[in-house]
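Undergrad: Take this structure first; my questions come after.
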Amino acid sequence: MLKKIGVFKDHQDGSLKSVFVSGEKNIIEMSFLFNKPTMDVLCVPTHHFCNLGCKMCHLTNNRLNKKMLSISYRNFEEALFKSVVTEEAIRLTENKKLLISFMGVGEPLLNLELIETLFKKEEKIKKLLGYEKISYAISTMMPNDYVLKLTELVRQYHKPLKLHFSLHTPIDDERRDLIPSTRLQVEEALVLLLHYRHQIQKDENIMSAYQEFHRTDDPIEIHYTLIKGINDGKRELEILTTLLKQYKIPIKFIHFNPKSGMEVSESEKKWVEYIQEKADVRVKTYTPPGREIGSSCGEFTKHYYHEEIETEEEKEEYLKWKKEHEVVLNKSYKRQF
Ligand code: SF4
């Protein structure tokens, strides 16, 4: 049984983050996002903590000595349910469609067991949560070739799942430095992405379910976060453009939420225009919702993971944040913002 630590609200866009702790004192945080008019979006983790050490991730801290721990299906299901209902177990919205997006703590390819169980239990989840249709998304650093196993699972269970590859630099050496867990070369990862697209697009059942949630029929996308002086140089732009031109994979630039020693790049506009002109692929920019409450890819409520090494100043900062954002989700809760 999970204990709810709190629910926190982003006052700009209404996103809600629910934080739970298991009997073993492991954290699960799930974010309920309201950025799509026709569906609910839940940003969910696959792990209680992640020590893969991506340099731009707000979770990463060399002073922490914590293990990466997979979330069990049982805990996951309980957190899922408690994230979309009030304390009286009333659903917060009336949408019939739900997108479950694995973009929270952890690397989804390293907990495929959870994803497979979720696929198997989908009917139960729909009944439990009151949705008619569920779609999925995964964002992966692609540390290995488990994407082949994911492709099999998606085809076996006929689930509409969009695969987002967090590239963040097209240069292999630089990528290994930024994302130390990666074992694949960039082009090997791109070939796997194309394989996924090919296999999924062959399946009419998957594609018809997929089109109910997405405007295009492309189940793959590259994510890139531009960071000043780290991955926004001319060389990176040239190599990336050449790869995009060759592999024809759409790209989305995700606005970076700065962390110490890493700043937002000012090159986004230039990059978007250049790639659009030279590579002829779909290019989008995106500011993730829930910024105030750390709800997006690579952003978390650090306090719950870093508590043991927090300074007094950081503790005070957390308490101030808690006071500003904590809400009570009971039946009189108003979703307006
Ligand atoms: S970005 Fe994702 S995979 Fe990388 S350390 Fe953070 S949680 Fe782990």
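Residues in the structure tokens are named by chain (A, B, ... in the order shown) and by number from 1 within that chain; ligands are numbered from 1 in the order shown.
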Set out as JSON lines a contact list for stretch 285-305 of chain A and stretch 254-278 of chain A with a cut-off of 7 Å, giving each residue of stretch 285-305 of chain A that qualifies its closest atom pair and distance in Å to one decimal, counting only C-alpha atoms, ordered by chain and rising residue number.

TA:
```
{"residue": "A:Thr285", "atom": "CA", "partner": "A:Ile254", "partner_atom": "CA", "distance": 6.0}
{"residue": "A:Tyr286", "atom": "CA", "partner": "A:Ile254", "partner_atom": "CA", "distance": 4.9}
{"residue": "A:Thr287", "atom": "CA", "partner": "A:His255", "partner_atom": "CA", "distance": 5.2}
```

Undergrad: Given the selection you just returned, output its residues as a file containing N, CA, C and O atoms, formatted as a JSON list (two decimals), in the first residue's frame.

TA:
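New file selection11.json:
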```
[["chain", "number", "residue", "atom", "x", "y", "z"],
["A", 285, "THR", "N", 8.99, 22.63, -31.74],
["A", 285, "THR", "CA", 9.59, 23.05, -30.48],
["A", 285, "THR", "C", 8.54, 22.86, -29.39],
["A", 285, "THR", "O", 7.34, 22.91, -29.66],
["A", 286, "TYR", "N", 9.00, 22.65, -28.17],
["A", 286, "TYR", "CA", 8.05, 22.28, -27.12],
["A", 286, "TYR", "C", 8.54, 22.74, -25.76],
["A", 286, "TYR", "O", 9.67, 22.47, -25.37],
["A", 287, "THR", "N", 7.67, 23.46, -25.07],
["A", 287, "THR", "CA", 7.95, 23.78, -23.67],
["A", 287, "THR", "C", 7.11, 22.85, -22.82],
["A", 287, "THR", "O", 5.88, 22.96, -22.82]]
```

Undergrad: Return as number ranges by chain the full set of residues in stretch 107-193 of chain A whose backbone-based DSSP assignment is strand (DSSP E or B).

TA: A: 133-140, 161-166

Undergrad: Pull the closest atom pair for each residue of chain A that gets at most 8 Å from ligand 1, along with the distance in Å to one decimal, counting only C-alpha atoms and all ligand atoms, ordering rows by chain and then ascending residue number, as a tab-separated table.

TA:
```
residue	atom	partner	partner_atom_place_in_ligand_line	distance
A:Phe49	CA	ligand 1	7 (S)	7.4
A:Cys50	CA	ligand 1	8 (Fe)	4.5
A:Asn51	CA	ligand 1	5 (S)	5.7
A:Leu52	CA	ligand 1	5 (S)	4.5
A:Gly53	CA	ligand 1	5 (S)	4.5
A:Cys54	CA	ligand 1	4 (Fe)	4.2
A:Lys55	CA	ligand 1	5 (S)	7.4
A:Met56	CA	ligand 1	1 (S)	7.0
A:Cys57	CA	ligand 1	6 (Fe)	4.5
A:His58	CA	ligand 1	6 (Fe)	6.8
A:Leu59	CA	ligand 1	6 (Fe)	5.7
A:Thr60	CA	ligand 1	5 (S)	5.8
A:Met103	CA	ligand 1	2 (Fe)	7.6
A:Gly104	CA	ligand 1	7 (S)	6.6
A:Val105	CA	ligand 1	7 (S)	4.3
A:Gly106	CA	ligand 1	7 (S)	4.2
A:Glu107	CA	ligand 1	3 (S)	4.7
A:Thr140	CA	ligand 1	3 (S)	7.2
A:Met141	CA	ligand 1	3 (S)	6.1
A:Ile179	CA	ligand 1	4 (Fe)	6.9
A:Cys297	CA	ligand 1	1 (S)	6.8
A:Gly298	CA	ligand 1	1 (S)	4.5
A:Glu299	CA	ligand 1	6 (Fe)	7.8
```

Undergrad: Quick one: residues within 9 Å of stretch 160-174 of chain A, only C-alpha atoms, excluding same-chain residues fewer than 3 positions away - as a PyMOL selection string?

TA: chain A and resi 134-142+154+177-179+184-187+189-190+193+196-197+200+205-211+213+218-227+230-232+235-237+239-240+243

Undergrad: Taking into account only C-alpha atoms, which residue in the set A:Asn111, A:Ser101, A:Val327, A:Leu33 is nearest to A:Met68?

TA: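 Of all the options, A:Asn111 lies closest to A:Met68.
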
Undergrad: Env of A:Ser15: 6 Å cut, atoms = only C-alpha atoms, seq-sep filter 6 positions within chain, self excluded. Answer as a ChimeraX atom specification.

TA: /A:9,32-33,290

Undergrad: Between A:Asn144, A:Gln246, A:Thr241, A:Asn62, single out the one closest to A:Leu194, counting only C-alpha atoms.

TA: A:Gln246

Undergrad: Can you tell me how far atom CA of A:Asp203 sits from atom CA of A:Thr182, in Å to one decimal?

TA: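 Computing the Euclidean distance for atom CA of A:Asp203 and atom CA of A:Thr182 yields 29.5 Å.
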
Undergrad: Report the distance between atom CA of A:Lys25 and atom CA of A:Ser295 in Å, rounded to one decimal place.

TA: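 About the pair atom CA of A:Lys25 and atom CA of A:Ser295: they are 20.8 Å apart.
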
Undergrad: Neighbours of A:Leu129 within 8 Å (only C-alpha atoms; same-chain residues fewer than 6 positions away dropped), as a PyMOL selection string?

TA: chain A and resi 81+84+91

Undergrad: Take the residues just selected and output them with C-alpha atoms as a compact mmCIF listing (two decimals), in the first residue's frame.

TA:
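This is the output file result-v1.txt:
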```
# COMPACT_ATOMS: atom_id res chain seq x y z
CA PHE A 81 -5.35 5.25 -9.90
CA VAL A 84 -6.38 10.71 -11.49
CA ARG A 91 -12.16 11.19 -11.49
```

Undergrad: From a DSSP calculation on the backbone, collect every residue of stretch 19-152 of chain A in helix (DSSP H, G or I) and output the set as a PyMOL selection string.

TA: chain A and resi 73-83+108-120+122-129+147-152

Undergrad: Do you have the atom CA of A:Val21-atom CA of A:Lys3 distance handy?

TA: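 About the pair atom CA of A:Val21 and atom CA of A:Lys3: they are 5.3 Å apart.
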
Undergrad: For A:Glu308, list every protein, DNA or RNA residue within 10 Å, evaluated using only C-alpha atoms, and leave out those in the same chain fewer than 6 positions away; present the list as a PyMOL selection string.

TA: chain A and resi 63-65

Undergrad: With N, CA, C and O atoms retained, write the just-selected residues as a short mmCIF file (atom, residue, chain, number, x, y, z; two decimals), in the first residue's frame.

TA:
```cif
data_model
loop_
_atom_site.label_atom_id
_atom_site.label_comp_id
_atom_site.auth_asym_id
_atom_site.auth_seq_id
_atom_site.Cartn_x
_atom_site.Cartn_y
_atom_site.Cartn_z
N ARG A 63 27.12 12.79 -5.61
CA ARG A 63 27.27 12.53 -4.17
C ARG A 63 26.24 11.53 -3.66
O ARG A 63 26.31 11.09 -2.52
N LEU A 64 25.29 11.16 -4.49
CA LEU A 64 24.25 10.22 -4.05
C LEU A 64 24.72 8.79 -4.26
O LEU A 64 25.34 8.48 -5.28
N ASN A 65 24.40 7.94 -3.32
CA ASN A 65 24.79 6.55 -3.47
C ASN A 65 23.52 5.69 -3.45
O ASN A 65 23.29 4.94 -2.52
#
```

Undergrad: Env of A:Lys96: 9 Å cut, atoms = only C-alpha atoms, seq-sep filter 6 positions within chain, self excluded. Answer as a list in words.

TA: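 That gives Thr38, Met39, Asp40, Gly130, Tyr131, Glu132, Lys133 and Ile134 of chain A.
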
Undergrad: For A:Tyr305, which residue out of A:Val283, A:Val7, A:Val19, A:Ile249 is the nearest one, using only C-alpha atoms?

TA: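 Counting only C-alpha atoms, the residue closest to A:Tyr305 is A:Val19.
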